[in-house]
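Student: I'm passing along input-v2.pdb; it holds PDB, C-alpha atoms.
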```pdb
ATOM      1  CA  MET A 224     180.704 203.364  24.699
ATOM      2  CA  THR A 225     181.528 201.002  27.568
ATOM      3  CA  THR A 226     179.667 201.783  30.810
ATOM      4  CA  LEU A 227     182.229 203.466  33.025
ATOM      5  CA  PRO A 228     182.474 203.431  36.829
ATOM      6  CA  GLY A 229     181.673 206.543  38.831
ATOM      7  CA  ARG A 230     185.116 207.684  39.910
ATOM      8  CA  LEU A 231     188.178 209.462  38.590
ATOM      9  CA  LEU A 232     189.640 207.564  35.665
ATOM     10  CA  THR A 233     193.165 207.963  34.372
ATOM     11  CA  LEU A 234     193.917 207.478  30.705
ATOM     12  CA  GLU A 235     195.636 204.213  31.644
ATOM     13  CA  ALA A 236     192.527 203.027  33.497
ATOM     14  CA  LEU A 237     190.367 203.846  30.482
ATOM     15  CA  GLN A 238     192.724 201.897  28.240
ATOM     16  CA  ASP A 239     192.436 198.939  30.609
ATOM     17  CA  LEU A 240     188.667 199.177  30.113
ATOM     18  CA  GLY A 241     189.166 198.924  26.355
ATOM     19  CA  LEU A 242     189.111 202.583  25.316
ATOM     20  CA  SER A 243     191.904 203.768  23.048
ATOM     21  CA  PRO A 244     193.284 207.324  23.336
ATOM     22  CA  SER A 245     191.440 208.314  20.168
ATOM     23  CA  THR A 246     188.176 206.899  21.565
ATOM     24  CA  VAL A 247     188.692 208.920  24.747
ATOM     25  CA  THR A 248     189.308 212.077  22.708
ATOM     26  CA  ARG A 249     186.090 211.544  20.743
ATOM     27  CA  ALA A 250     184.140 210.826  23.950
ATOM     28  CA  VAL A 251     185.328 214.117  25.427
ATOM     29  CA  ARG A 252     184.307 215.986  22.265
ATOM     30  CA  ARG A 253     180.838 214.390  22.380
ATOM     31  CA  GLY A 254     180.421 215.179  26.072
ATOM     32  CA  ASP A 255     180.371 211.510  27.101
ATOM     33  CA  LEU A 256     183.512 212.077  29.193
ATOM     34  CA  LEU A 257     184.834 215.063  31.095
ATOM     35  CA  ARG A 258     188.518 215.904  31.198
ATOM     36  CA  ILE A 259     189.193 216.905  34.794
ATOM     37  CA  ARG A 260     192.869 217.654  34.235
ATOM     38  CA  GLN A 261     195.537 216.273  31.910
ATOM     39  CA  GLY A 262     195.232 212.495  31.885
ATOM     40  CA  VAL A 263     192.277 212.306  34.314
ATOM     41  CA  TYR A 264     188.629 211.910  33.304
ATOM     42  CA  ALA A 265     185.161 211.317  34.770
ATOM     43  CA  THR A 266     181.654 210.589  33.569
ATOM     44  CA  PRO A 267     179.429 213.709  33.429
ATOM     45  CA  SER A 268     176.664 212.196  35.580
ATOM     46  CA  TRP A 269     179.023 211.178  38.389
ATOM     47  CA  TRP A 270     180.809 214.524  38.307
ATOM     48  CA  ARG A 271     177.544 216.464  38.380
ATOM     49  CA  ASP A 272     176.182 214.467  41.319
ATOM     50  CA  LEU A 273     179.230 215.265  43.466
ATOM     51  CA  GLY A 274     178.131 218.841  44.097
ATOM     52  CA  ALA A 275     180.447 221.849  44.145
ATOM     53  CA  GLU A 276     182.469 220.851  47.208
ATOM     54  CA  GLY A 277     182.725 217.226  46.131
ATOM     55  CA  ARG A 278     183.985 218.255  42.702
ATOM     56  CA  LEU A 279     186.613 220.469  44.278
ATOM     57  CA  ARG A 280     187.811 217.604  46.478
ATOM     58  CA  GLN A 281     188.063 215.380  43.424
ATOM     59  CA  MET A 282     190.097 218.048  41.616
ATOM     60  CA  HIS A 283     192.630 217.679  44.415
ATOM     61  CA  ALA A 284     192.527 213.903  44.057
ATOM     62  CA  ALA A 285     193.037 214.239  40.293
ATOM     63  CA  LEU A 286     196.167 216.303  40.842
ATOM     64  CA  ALA A 287     197.499 213.644  43.211
ATOM     65  CA  LEU A 288     196.780 210.896  40.675
ATOM     66  CA  ARG A 289     199.092 212.456  38.091
ATOM     67  CA  ALA A 290     201.821 213.772  40.404
ATOM     68  CA  ALA A 291     205.237 212.128  40.339
ATOM     69  CA  THR A 292     205.342 212.340  44.152
ATOM     70  CA  ALA A 293     202.349 212.632  46.453
ATOM     71  CA  PRO A 294     201.555 216.337  46.922
ATOM     72  CA  VAL A 295     200.920 217.788  50.368
ATOM     73  CA  PHE A 296     197.893 220.056  50.204
ATOM     74  CA  GLY A 297     197.984 223.150  52.396
ATOM     75  CA  HIS A 298     196.364 226.491  53.152
ATOM     76  CA  SER A 299     192.709 226.653  52.035
ATOM     77  CA  SER A 300     193.036 223.293  50.261
ATOM     78  CA  ALA A 301     193.983 221.605  53.526
ATOM     79  CA  ALA A 302     191.147 223.437  55.278
ATOM     80  CA  LEU A 303     188.755 222.068  52.655
ATOM     81  CA  LEU A 304     190.041 218.517  53.066
ATOM     82  CA  HIS A 305     189.802 218.753  56.870
ATOM     83  CA  GLY A 306     186.236 220.038  56.580
ATOM     84  CA  LEU A 307     187.028 223.407  58.155
ATOM     85  CA  ASP A 308     184.805 226.374  57.403
ATOM     86  CA  LEU A 309     185.919 228.573  54.514
ATOM     87  CA  LEU A 310     184.302 231.774  53.322
ATOM     88  CA  HIS A 311     185.665 231.085  49.833
ATOM     89  CA  ARG A 312     186.683 227.734  48.426
ATOM     90  CA  PRO A 313     190.083 227.639  46.718
ATOM     91  CA  ALA A 314     189.881 228.213  42.978
ATOM     92  CA  ALA A 315     192.758 225.758  42.462
ATOM     93  CA  PRO A 316     194.557 223.245  44.709
ATOM     94  CA  HIS A 317     197.214 224.685  47.027
ATOM     95  CA  VAL A 318     200.315 222.532  47.500
ATOM     96  CA  VAL A 319     203.053 223.029  50.092
ATOM     97  CA  SER A 320     206.570 222.017  49.078
ATOM     98  CA  PRO A 321     209.939 222.355  50.847
ATOM     99  CA  SER A 322     211.657 225.570  49.798
ATOM    100  CA  GLY A 323     212.982 225.568  46.253
ATOM    101  CA  ARG A 324     211.305 222.359  45.133
ATOM    102  CA  GLY A 325     208.349 221.714  42.887
ATOM    103  CA  SER A 326     206.651 223.464  40.020
ATOM    104  CA  ARG A 327     205.676 227.058  39.472
ATOM    105  CA  ASN A 328     202.174 228.376  40.072
ATOM    106  CA  ASN A 329     199.668 228.044  37.253
ATOM    107  CA  ARG A 330     195.909 228.058  36.786
ATOM    108  CA  THR A 331     195.610 224.452  37.962
ATOM    109  CA  CYS A 332     197.811 224.584  41.076
ATOM    110  CA  VAL A 333     199.166 227.132  43.572
ATOM    111  CA  HIS A 334     202.524 226.269  45.163
ATOM    112  CA  HIS A 335     203.759 227.466  48.543
ATOM    113  CA  TRP A 336     207.424 227.058  49.421
ATOM    114  CA  ALA A 337     207.850 226.341  53.136
ATOM    115  CA  GLU A 338     209.451 223.965  55.594
ATOM    116  CA  LEU A 339     207.356 220.849  56.019
ATOM    117  CA  PRO A 340     208.304 218.762  59.082
ATOM    118  CA  PRO A 341     206.867 215.214  59.057
ATOM    119  CA  GLU A 342     204.689 215.987  62.083
ATOM    120  CA  HIS A 343     202.916 218.691  60.068
ATOM    121  CA  VAL A 344     201.694 216.194  57.453
ATOM    122  CA  VAL A 345     198.641 213.949  57.876
ATOM    123  CA  ARG A 346     196.538 211.779  55.594
ATOM    124  CA  VAL A 347     192.952 212.898  54.990
ATOM    125  CA  GLY A 348     190.671 210.779  52.837
ATOM    126  CA  GLY A 349     193.621 209.209  51.059
ATOM    127  CA  LEU A 350     195.347 212.536  50.369
ATOM    128  CA  LEU A 351     198.241 214.203  52.182
ATOM    129  CA  ALA A 352     197.548 217.545  53.833
ATOM    130  CA  THR A 353     199.044 219.791  56.451
ATOM    131  CA  SER A 354     197.788 219.119  59.986
ATOM    132  CA  VAL A 355     194.894 221.178  61.320
ATOM    133  CA  PRO A 356     197.110 223.430  63.511
ATOM    134  CA  ARG A 357     199.542 224.036  60.641
ATOM    135  CA  THR A 358     196.620 224.660  58.292
ATOM    136  CA  VAL A 359     195.055 227.210  60.636
ATOM    137  CA  LEU A 360     198.323 229.129  60.932
ATOM    138  CA  ASP A 361     199.002 229.036  57.192
ATOM    139  CA  CYS A 362     195.509 230.395  56.533
ATOM    140  CA  ALA A 363     195.928 232.976  59.300
ATOM    141  CA  SER A 364     199.175 234.150  57.713
ATOM    142  CA  ALA A 365     197.837 234.499  54.188
ATOM    143  CA  LEU A 366     194.050 234.913  54.031
ATOM    144  CA  PRO A 367     192.163 238.171  54.623
ATOM    145  CA  LEU A 368     191.480 238.645  58.326
ATOM    146  CA  ARG A 369     187.813 237.718  58.485
ATOM    147  CA  GLU A 370     188.296 234.645  56.286
ATOM    148  CA  ALA A 371     191.136 233.443  58.488
ATOM    149  CA  VAL A 372     189.131 233.989  61.686
ATOM    150  CA  VAL A 373     186.238 231.937  60.276
ATOM    151  CA  THR A 374     188.591 228.991  59.754
ATOM    152  CA  ALA A 375     190.332 229.445  63.118
ATOM    153  CA  ASP A 376     187.004 229.643  64.978
ATOM    154  CA  HIS A 377     185.891 226.349  63.453
ATOM    155  CA  ALA A 378     189.164 224.618  64.319
ATOM    156  CA  LEU A 379     188.884 225.762  67.946
ATOM    157  CA  ARG A 380     185.240 224.679  68.050
ATOM    158  CA  ARG A 381     186.238 221.206  66.869
ATOM    159  CA  GLY A 382     188.845 220.812  69.588
ATOM    160  CA  THR A 383     192.117 222.277  68.361
ATOM    161  CA  GLU A 384     193.891 223.751  71.380
ATOM    162  CA  ARG A 385     194.693 227.454  71.336
ATOM    163  CA  ALA A 386     197.907 226.692  73.246
ATOM    164  CA  GLU A 387     199.041 224.407  70.426
ATOM    165  CA  LEU A 388     198.418 227.122  67.852
ATOM    166  CA  LEU A 389     200.290 229.699  69.913
ATOM    167  CA  ALA A 390     203.239 227.356  70.436
ATOM    168  CA  LEU A 391     203.422 226.657  66.712
ATOM    169  CA  LEU A 392     203.236 230.375  65.971
ATOM    170  CA  GLU A 393     206.049 231.029  68.438
ATOM    171  CA  ARG A 394     208.284 228.594  66.559
ATOM    172  CA  ARG A 395     207.597 230.575  63.376
ATOM    173  CA  ALA A 396     208.481 233.929  64.935
ATOM    174  CA  GLY A 397     209.804 236.344  62.340
ATOM    175  CA  ALA A 398     208.412 234.442  59.358
ATOM    176  CA  PRO A 399     206.214 236.296  56.851
ATOM    177  CA  GLY A 400     202.641 236.637  58.065
ATOM    178  CA  CYS A 401     203.371 236.034  61.762
ATOM    179  CA  ARG A 402     201.962 239.371  62.888
ATOM    180  CA  ARG A 403     198.794 238.778  60.901
ATOM    181  CA  ALA A 404     198.470 235.252  62.306
ATOM    182  CA  ARG A 405     198.846 236.591  65.850
ATOM    183  CA  ARG A 406     195.981 239.000  65.223
ATOM    184  CA  VAL A 407     193.807 236.160  63.925
ATOM    185  CA  LEU A 408     194.487 234.022  67.005
ATOM    186  CA  ASP A 409     193.747 236.983  69.270
ATOM    187  CA  LEU A 410     190.332 237.313  67.618
ATOM    188  CA  ALA A 411     189.500 233.609  67.239
ATOM    189  CA  ASP A 412     186.822 232.153  69.512
ATOM    190  CA  GLY A 413     185.597 228.572  69.335
ATOM    191  CA  ARG A 414     182.221 229.520  70.786
ATOM    192  CA  SER A 415     181.076 230.879  67.430
ATOM    193  CA  GLU A 416     178.976 228.144  65.872
ATOM    194  CA  SER A 417     178.961 229.238  62.231
ATOM    195  CA  PRO A 418     180.775 231.525  59.795
ATOM    196  CA  GLY A 419     177.850 233.931  60.081
ATOM    197  CA  GLU A 420     178.286 234.201  63.838
ATOM    198  CA  THR A 421     182.012 234.786  63.363
ATOM    199  CA  LEU A 422     181.424 237.612  60.893
ATOM    200  CA  THR A 423     178.775 239.134  63.160
ATOM    201  CA  ARG A 424     181.207 239.095  66.085
ATOM    202  CA  LEU A 425     183.891 240.789  63.991
ATOM    203  CA  VAL A 426     181.466 243.531  62.935
ATOM    204  CA  LEU A 427     180.619 244.206  66.598
ATOM    205  CA  LEU A 428     184.274 244.234  67.628
ATOM    206  CA  ARG A 429     185.318 246.523  64.785
ATOM    207  CA  ALA A 430     182.618 249.000  65.826
ATOM    208  CA  ARG A 431     183.979 248.951  69.407
ATOM    209  CA  LEU A 432     180.579 248.080  70.825
ATOM    210  CA  PRO A 433     180.466 246.581  74.320
ATOM    211  CA  ARG A 434     181.626 242.976  74.036
ATOM    212  CA  PRO A 435     178.714 240.545  74.114
ATOM    213  CA  GLU A 436     178.661 237.225  75.904
ATOM    214  CA  LEU A 437     178.713 234.392  73.346
ATOM    215  CA  GLN A 438     176.202 231.539  73.521
ATOM    216  CA  VAL A 439     174.601 233.249  76.485
ATOM    217  CA  ARG A 440     172.366 230.979  78.602
ATOM    218  CA  ILE A 441     169.149 232.374  80.036
ATOM    219  CA  ARG A 442     166.935 230.565  82.512
ATOM    220  CA  THR A 443     163.211 231.368  82.493
ATOM    221  CA  PRO A 444     160.300 229.783  84.384
ATOM    222  CA  HIS A 445     159.676 227.621  81.303
ATOM    223  CA  GLY A 446     163.197 226.438  80.570
ATOM    224  CA  LEU A 447     166.790 227.244  79.736
ATOM    225  CA  TYR A 448     167.408 229.124  76.495
ATOM    226  CA  ARG A 449     170.547 230.117  74.635
ATOM    227  CA  GLY A 450     171.291 233.111  72.417
ATOM    228  CA  ASP A 451     174.113 233.756  69.962
ATOM    229  CA  PHE A 452     175.162 237.096  71.495
ATOM    230  CA  GLY A 453     173.958 238.638  74.740
ATOM    231  CA  TRP A 454     174.405 241.735  76.868
ATOM    232  CA  ARG A 455     173.095 240.346  80.124
ATOM    233  CA  VAL A 456     172.876 243.558  82.162
ATOM    234  CA  ARG A 457     170.878 245.195  79.365
ATOM    235  CA  ARG A 458     168.855 242.021  78.717
ATOM    236  CA  LEU A 459     169.564 242.287  75.002
ATOM    237  CA  LEU A 460     170.097 239.358  72.626
ATOM    238  CA  LEU A 461     171.352 239.318  69.042
ATOM    239  CA  GLU A 462     170.661 236.270  66.886
ATOM    240  CA  PHE A 463     172.255 235.405  63.556
ATOM    241  CA  ASP A 464     169.687 233.713  61.320
ATOM    242  CA  GLY A 465     171.377 231.414  58.833
ATOM    243  CA  ASP A 466     169.650 229.978  55.781
ATOM    244  CA  THR A 467     169.160 226.629  57.524
ATOM    245  CA  LYS A 468     168.227 227.923  60.981
ATOM    246  CA  TYR A 469     164.697 226.560  60.888
ATOM    247  CA  TYR A 470     165.423 223.304  59.104
ATOM    248  CA  ASP A 471     168.156 221.685  61.197
ATOM    249  CA  HIS A 472     166.222 220.254  64.105
ATOM    250  CA  GLY A 473     162.837 219.123  62.929
ATOM    251  CA  PRO A 474     159.821 219.955  60.771
ATOM    252  CA  THR A 475     159.531 223.636  59.972
ATOM    253  CA  ASP A 476     156.121 224.159  61.636
ATOM    254  CA  ARG A 477     157.261 222.570  64.876
ATOM    255  CA  VAL A 478     160.495 224.547  64.975
ATOM    256  CA  LEU A 479     158.689 227.825  64.306
ATOM    257  CA  VAL A 480     156.222 227.116  67.115
ATOM    258  CA  GLN A 481     159.130 226.386  69.452
ATOM    259  CA  GLU A 482     160.855 229.598  68.374
ATOM    260  CA  ARG A 483     157.726 231.680  69.025
ATOM    261  CA  ARG A 484     157.402 230.117  72.478
ATOM    262  CA  ARG A 485     161.065 230.850  73.160
ATOM    263  CA  GLU A 486     160.720 234.493  72.115
ATOM    264  CA  LYS A 487     157.605 234.897  74.261
ATOM    265  CA  ASP A 488     159.318 233.415  77.323
ATOM    266  CA  LEU A 489     162.371 235.627  76.856
ATOM    267  CA  ALA A 490     160.241 238.741  76.288
ATOM    268  CA  ASN A 491     158.263 237.999  79.441
ATOM    269  CA  ALA A 492     161.592 237.764  81.281
ATOM    270  CA  GLY A 493     162.478 241.250  80.047
ATOM    271  CA  TRP A 494     164.757 240.333  77.135
ATOM    272  CA  ARG A 495     164.748 242.103  73.761
ATOM    273  CA  ILE A 496     165.770 239.986  70.764
ATOM    274  CA  LEU A 497     167.437 241.496  67.703
ATOM    275  CA  ARG A 498     168.012 239.518  64.529
ATOM    276  CA  THR A 499     170.523 239.787  61.739
ATOM    277  CA  ASP A 500     171.350 237.717  58.690
ATOM    278  CA  TRP A 501     174.037 237.045  56.115
ATOM    279  CA  ALA A 502     173.065 239.878  53.768
ATOM    280  CA  THR A 503     173.133 242.464  56.559
ATOM    281  CA  VAL A 504     176.409 241.305  58.097
ATOM    282  CA  VAL A 505     178.239 241.064  54.770
ATOM    283  CA  HIS A 506     176.712 243.898  52.739
ATOM    284  CA  ARG A 507     175.232 246.320  55.303
ATOM    285  CA  PRO A 508     177.297 245.964  58.488
ATOM    286  CA  ASP A 509     176.770 249.634  59.383
ATOM    287  CA  ASP A 510     173.031 248.956  59.615
ATOM    288  CA  LEU A 511     173.690 246.201  62.137
ATOM    289  CA  VAL A 512     176.026 248.405  64.179
ATOM    290  CA  ALA A 513     173.473 251.227  64.254
ATOM    291  CA  LEU A 514     170.700 248.852  65.352
ATOM    292  CA  VAL A 515     172.712 247.294  68.167
ATOM    293  CA  ARG A 516     174.087 250.636  69.361
ATOM    294  CA  ARG A 517     170.603 252.172  69.432
ATOM    295  CA  GLU A 518     169.184 249.291  71.456
ATOM    296  CA  LEU A 519     172.130 249.232  73.854
ATOM    297  CA  ASP A 520     171.766 252.969  74.456
ATOM    298  CA  ALA A 521     168.010 252.678  74.964
ATOM    299  CA  ARG A 522     168.387 249.883  77.482
ATOM    300  CA  ASP A 523     171.167 251.790  79.245
ATOM    301  CA  LEU A 524     168.656 254.562  79.905
ATOM    302  CA  ARG A 525     166.189 252.067  81.336
ATOM    303  CA  ILE A 526     168.866 250.731  83.692
ATOM    304  CA  ILE A 527     169.650 254.288  84.875
ATOM    305  CA  GLU A 528     165.976 255.086  85.380
TER     306      GLU A 528
END
```
How does the structure come out when it is put into structure tokens?
Tutor:
Amino acid sequence: MTTLPGRLLTLEALQDLGLSPSTVTRAVRRGDLLRIRQGVYATPSWWRDLGAEGRLRQMHAALALRAATAPVFGHSSAALLHGLDLLHRPAAPHVVSPSGRGSRNNRTCVHHWAELPPEHVVRVGGLLATSVPRTVLDCASALPLREAVVTADHALRRGTERAELLALLERRAGAPGCRRARRVLDLADGRSESPGETLTRLVLLRARLPRPELQVRIRTPHGLYRGDFGWRVRRLLLEFDGDTKYYDHGPTDRVLVQERRREKDLANAGWRILRTDWATVVHRPDDLVALVRRELDARDLRIIE
């Protein structure tokens, strides 16, 4: 078979390369071509090398290739295209259409009927999507609370203004999901630097523990350090350890040495460091709450003494 380029290929493009429809059908049966959606194909090697997120982006592009009019991607699809954090990637593209227009939902596309002012539509990587503020509010109105807060935190961290989100929400007053979106914005905080930190913060808030300071800065004789969550009066820190914590900033050995030095300096300054991780926050949040509460109570007694 003709060597094919590494990109999405429509049936028409394959015919231009000399492949007849019957040849394409046989290539798909043999595994030489993948059918991404009706009328759109890709080579297996290119598709595999994209990775999970890249493949999902290309599924959105494939939908746009075959659409009669350019679709506007929204909700978690728009969040994906904007590069916003998502706890769960969309299983199928989400498209926003003006009320009463477009196709019905199916396994390959989820439609949302809503007003779509021109200022709410932007182009991202060649595809149309709702703007970041509109995307955040749509996710806040529809996703489970913690998933929506993860996305909102990331948008705020990247520079979206809270005032802009609140103004947009005000203009949607009375629409479905407004109360839920308000709750999400009340909880959102751009100081969280990862989904794991967001989920940790929500666990602490739900347990009604004393509110920690986020990204707390601590000066010691040997330098200035920063912790994810801190209770300054009690000199207690809580760190969320992500899977890549020790691989982001240099060779592992060097980073671990720096981390040991940091912990020693903080301990010498009277700070106690607690650690949590994804498995604890997601699957055993009560364990985290019990640990933090116990340490807060213990350090309260020391303050009194």
Student: Interatomic distance between atom CA of A:Gln438 and atom CA of A:Glu420?
Tutor: 10.3 Å
Student: Can you tell me how far atom CA of A:Thr503 sits from atom CA of A:Arg485, in Å to one decimal?
Tutor: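 Pair atom CA of A:Thr503 / atom CA of A:Arg485 returns 23.6 Å.
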Student: For a test of reading the model, state the distance in Å between atom CA of A:Pro508 and atom CA of A:Leu479, rounded to one decimal.
Tutor: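 For atom CA of A:Pro508 relative to atom CA of A:Leu479, the distance reads 26.6 Å.
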Student: Please evaluate the PyMOL selection byres ((chain A and resi 427) around 10) against the structure above and give the resulting residues as a PDB file with C-alpha atoms, in the coordinates of the input.
Tutor:
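So the final result, stored in selection_35.pdb, reads:
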```pdb
ATOM      1  CA  LEU A 422     181.424 237.612  60.893  1.00  0.00           C
ATOM      2  CA  THR A 423     178.775 239.134  63.160  1.00  0.00           C
ATOM      3  CA  ARG A 424     181.207 239.095  66.085  1.00  0.00           C
ATOM      4  CA  LEU A 425     183.891 240.789  63.991  1.00  0.00           C
ATOM      5  CA  VAL A 426     181.466 243.531  62.935  1.00  0.00           C
ATOM      6  CA  LEU A 428     184.274 244.234  67.628  1.00  0.00           C
ATOM      7  CA  ARG A 429     185.318 246.523  64.785  1.00  0.00           C
ATOM      8  CA  ALA A 430     182.618 249.000  65.826  1.00  0.00           C
ATOM      9  CA  ARG A 431     183.979 248.951  69.407  1.00  0.00           C
ATOM     10  CA  LEU A 432     180.579 248.080  70.825  1.00  0.00           C
ATOM     11  CA  PRO A 433     180.466 246.581  74.320  1.00  0.00           C
ATOM     12  CA  ARG A 434     181.626 242.976  74.036  1.00  0.00           C
ATOM     13  CA  PRO A 435     178.714 240.545  74.114  1.00  0.00           C
ATOM     14  CA  VAL A 504     176.409 241.305  58.097  1.00  0.00           C
ATOM     15  CA  PRO A 508     177.297 245.964  58.488  1.00  0.00           C
ATOM     16  CA  ASP A 509     176.770 249.634  59.383  1.00  0.00           C
ATOM     17  CA  LEU A 511     173.690 246.201  62.137  1.00  0.00           C
ATOM     18  CA  VAL A 512     176.026 248.405  64.179  1.00  0.00           C
ATOM     19  CA  VAL A 515     172.712 247.294  68.167  1.00  0.00           C
ATOM     20  CA  ARG A 516     174.087 250.636  69.361  1.00  0.00           C
TER      21      ARG A 516
END
```
Student: Counting all atoms listed in the file, which residue out of A:Thr383, A:Ser299, A:Thr226, A:Ser415 sits closest to A:Val439?
Tutor: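 Comparing A:Thr383, A:Ser299, A:Thr226, A:Ser415 against A:Val439, the winner is A:Ser415.
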Student: Please evaluate the PyMOL selection byres ((chain A and resi 303-315) around 8) against the structure above and give the resulting residues as a PyMOL selection string.
Tutor: chain A and resi 280+299-302+316-317+330-333+347-348+352+355+370+373-374+377-378+418
Student: Spell out the residues picked by the PyMOL selection byres ((chain A and resi 356) around 9) here, as a PyMOL selection string.
Tutor: chain A and resi 343+353-355+357-361+378+383-384+387-388+391
Student: Could you list, as a ChimeraX atom specification, every residue within 7 Å of A:Thr499, counting all atoms listed in the file and ignoring same-chain residues fewer than 2 positions away?
Tutor: /A:462-464,497,503
Student: What would stretch 495-515 of chain A look like if you wrote it out as a PDB file, in the first residue's frame, with C-alpha atoms included, from the block I just posted?
Tutor:
```pdb
ATOM      1  CA  ARG A 495       6.288  19.454  61.192  1.00  0.00           C
ATOM      2  CA  ILE A 496       5.744  18.195  57.638  1.00  0.00           C
ATOM      3  CA  LEU A 497       2.888  15.855  56.742  1.00  0.00           C
ATOM      4  CA  ARG A 498       2.612  14.206  53.348  1.00  0.00           C
ATOM      5  CA  THR A 499      -0.291  12.906  51.338  1.00  0.00           C
ATOM      6  CA  ASP A 500      -0.706  11.503  47.857  1.00  0.00           C
ATOM      7  CA  TRP A 501      -3.253  10.797  45.152  1.00  0.00           C
ATOM      8  CA  ALA A 502      -4.352   7.415  46.506  1.00  0.00           C
ATOM      9  CA  THR A 503      -5.003   8.809  49.985  1.00  0.00           C
ATOM     10  CA  VAL A 504      -6.845  11.926  48.830  1.00  0.00           C
ATOM     11  CA  VAL A 505      -9.055  10.070  46.349  1.00  0.00           C
ATOM     12  CA  HIS A 506      -9.612   6.705  48.040  1.00  0.00           C
ATOM     13  CA  ARG A 507      -8.930   7.296  51.757  1.00  0.00           C
ATOM     14  CA  PRO A 508      -9.752  10.950  52.470  1.00  0.00           C
ATOM     15  CA  ASP A 509     -10.869  10.131  56.024  1.00  0.00           C
ATOM     16  CA  ASP A 510      -7.332   8.935  56.772  1.00  0.00           C
ATOM     17  CA  LEU A 511      -5.966  12.297  55.669  1.00  0.00           C
ATOM     18  CA  VAL A 512      -8.521  14.202  57.749  1.00  0.00           C
ATOM     19  CA  ALA A 513      -7.712  12.129  60.838  1.00  0.00           C
ATOM     20  CA  LEU A 514      -3.967  12.683  60.377  1.00  0.00           C
ATOM     21  CA  VAL A 515      -4.251  16.443  59.956  1.00  0.00           C
TER      22      VAL A 515
END
```
